[in-house]
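Below is one structure; the comments refer to it alone.
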Amino acid sequence: QKEVEQNSGPLSVPEGAIASLNCTYSDRGSQSFFWYRQYSGKSPELIMSIYSNGDKEDGRFTAQLNKASQYVSLLIRDSQPSDSATYLCAVNSQKVTFGTGTKLQVIP
Amino acid sequence: DVKVTQSSRYLVKRTGEKVFLECVQDMDHENMFWYRQDPGLGLRLIYFSYDVKMKEKGDIPEGYSVSREKKERFSLILESASTNQTSMYLCASSLFPAGIVDSANEKLFFGSGTQLSVL
């Protein structure tokens, strides 16, 4: 079983819609959870971090964490073409482990 | 802003060559990391270091070694390059202290990457 699993996509959503990205992890001892965005040909950049069960909102982005289900998600409201990128879920349990990423395409 | 600089954007080497990938950060970060990124496999941790002269194996250390003689510099060494080491290599740094969860300090800052081709 992979430590951090994501659907590779691509996930296509129309402009203005909500994009929902999902991630599961295997280590129940994990304490920190992150979403990185990576544009094609660029390096990953952190967009959200979450540590407690529930929701955390930052502008159009909402991270959701459910430790009992070992599940992390990222919602992007009012999706824009500029949100088209690969989104990497990362989990920290002594070291940061990344999922393979989900490619998001926002269609104008 | 934190700057993580990788010495080369593109590198072409021959099988069996010894390859050095250099990474320098300018924010006095304690922690530095080397990842490789391959299509369908995502980012995989090769080695990391929480202090000068200290190193820890990541998930795929075979065929690699590292050196951290100074706090700001973390080098990845391919002792004898092979074609399966063709990849994008990403260096990262963070303030994150080992074993301590701190939202402000866990953020990874990445360099722009080195695309290594081994022929």
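Chains: A, B, ... in order of the structure tokens. Residues: from 1 per chain. Ligands: from 1, in order shown.
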Would you give me, as a PyMOL selection string, the residues of chain B that come within 7 Å of chain A, using only C-alpha atoms?
chain B and resi 40-43+98-99+107+110-113
Determine, counting only C-alpha atoms, which protein, DNA and RNA residues have an atom within 8 Å of an atom of B:Gln85; residues of the same chain fewer than 6 positions away are not included. Present the result as a PyMOL selection string.
chain B and resi 116-118
Write out as a compact mmCIF listing (two decimals) with C-alpha atoms, in the first residue's frame all residues of stretch 71-106 of chain A that DSSP puts in strand (DSSP E or B) for this structure's backbone.
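The result, written out as part.txt:
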```
# COMPACT_ATOMS: atom_id res chain seq x y z
CA TYR A 71 -8.50 11.25 4.45
CA VAL A 72 -7.52 14.73 3.33
CA SER A 73 -9.21 16.79 0.65
CA LEU A 74 -8.84 20.14 -1.05
CA LEU A 75 -11.79 22.09 -2.41
CA ILE A 76 -11.23 24.92 -4.85
CA ALA A 85 -1.93 22.50 -12.29
CA THR A 86 -0.96 19.30 -10.52
CA TYR A 87 -1.92 19.24 -6.84
CA LEU A 88 0.29 17.22 -4.53
CA CYS A 89 -0.90 15.91 -1.20
CA ALA A 90 1.87 15.60 1.38
CA VAL A 91 1.86 14.00 4.81
CA ASN A 92 4.40 14.47 7.58
CA VAL A 96 7.33 14.43 4.39
CA THR A 97 5.85 11.92 1.94
CA PHE A 98 4.12 13.07 -1.22
CA THR A 102 -3.77 14.97 -9.27
CA LYS A 103 -3.75 16.97 -12.47
CA LEU A 104 -6.53 19.56 -12.53
CA GLN A 105 -7.76 21.14 -15.75
CA VAL A 106 -10.13 24.09 -15.50
```
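Candidate residues B:Ser67, B:Gln25, B:Thr15, B:Thr5 were compared for distance to B:Thr83, and the nearest is B:Thr15, using only C-alpha atoms.
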Just the residues within 8 Å of B:Cys91, please, counting only C-alpha atoms, with nothing from its chain fewer than 4 positions along; format it as a list of chain:residue names.
B:Val4, B:Gln6, B:Cys23, B:Met32, B:Phe33, B:Trp34, B:Tyr35, B:Phe110, B:Gly111, B:Gly113
Any idea what the distance is between atom CA of B:Leu119 and atom CA of B:Ser87?
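Result for atom CA of B:Leu119 versus atom CA of B:Ser87: 11.9 Å, one decimal.
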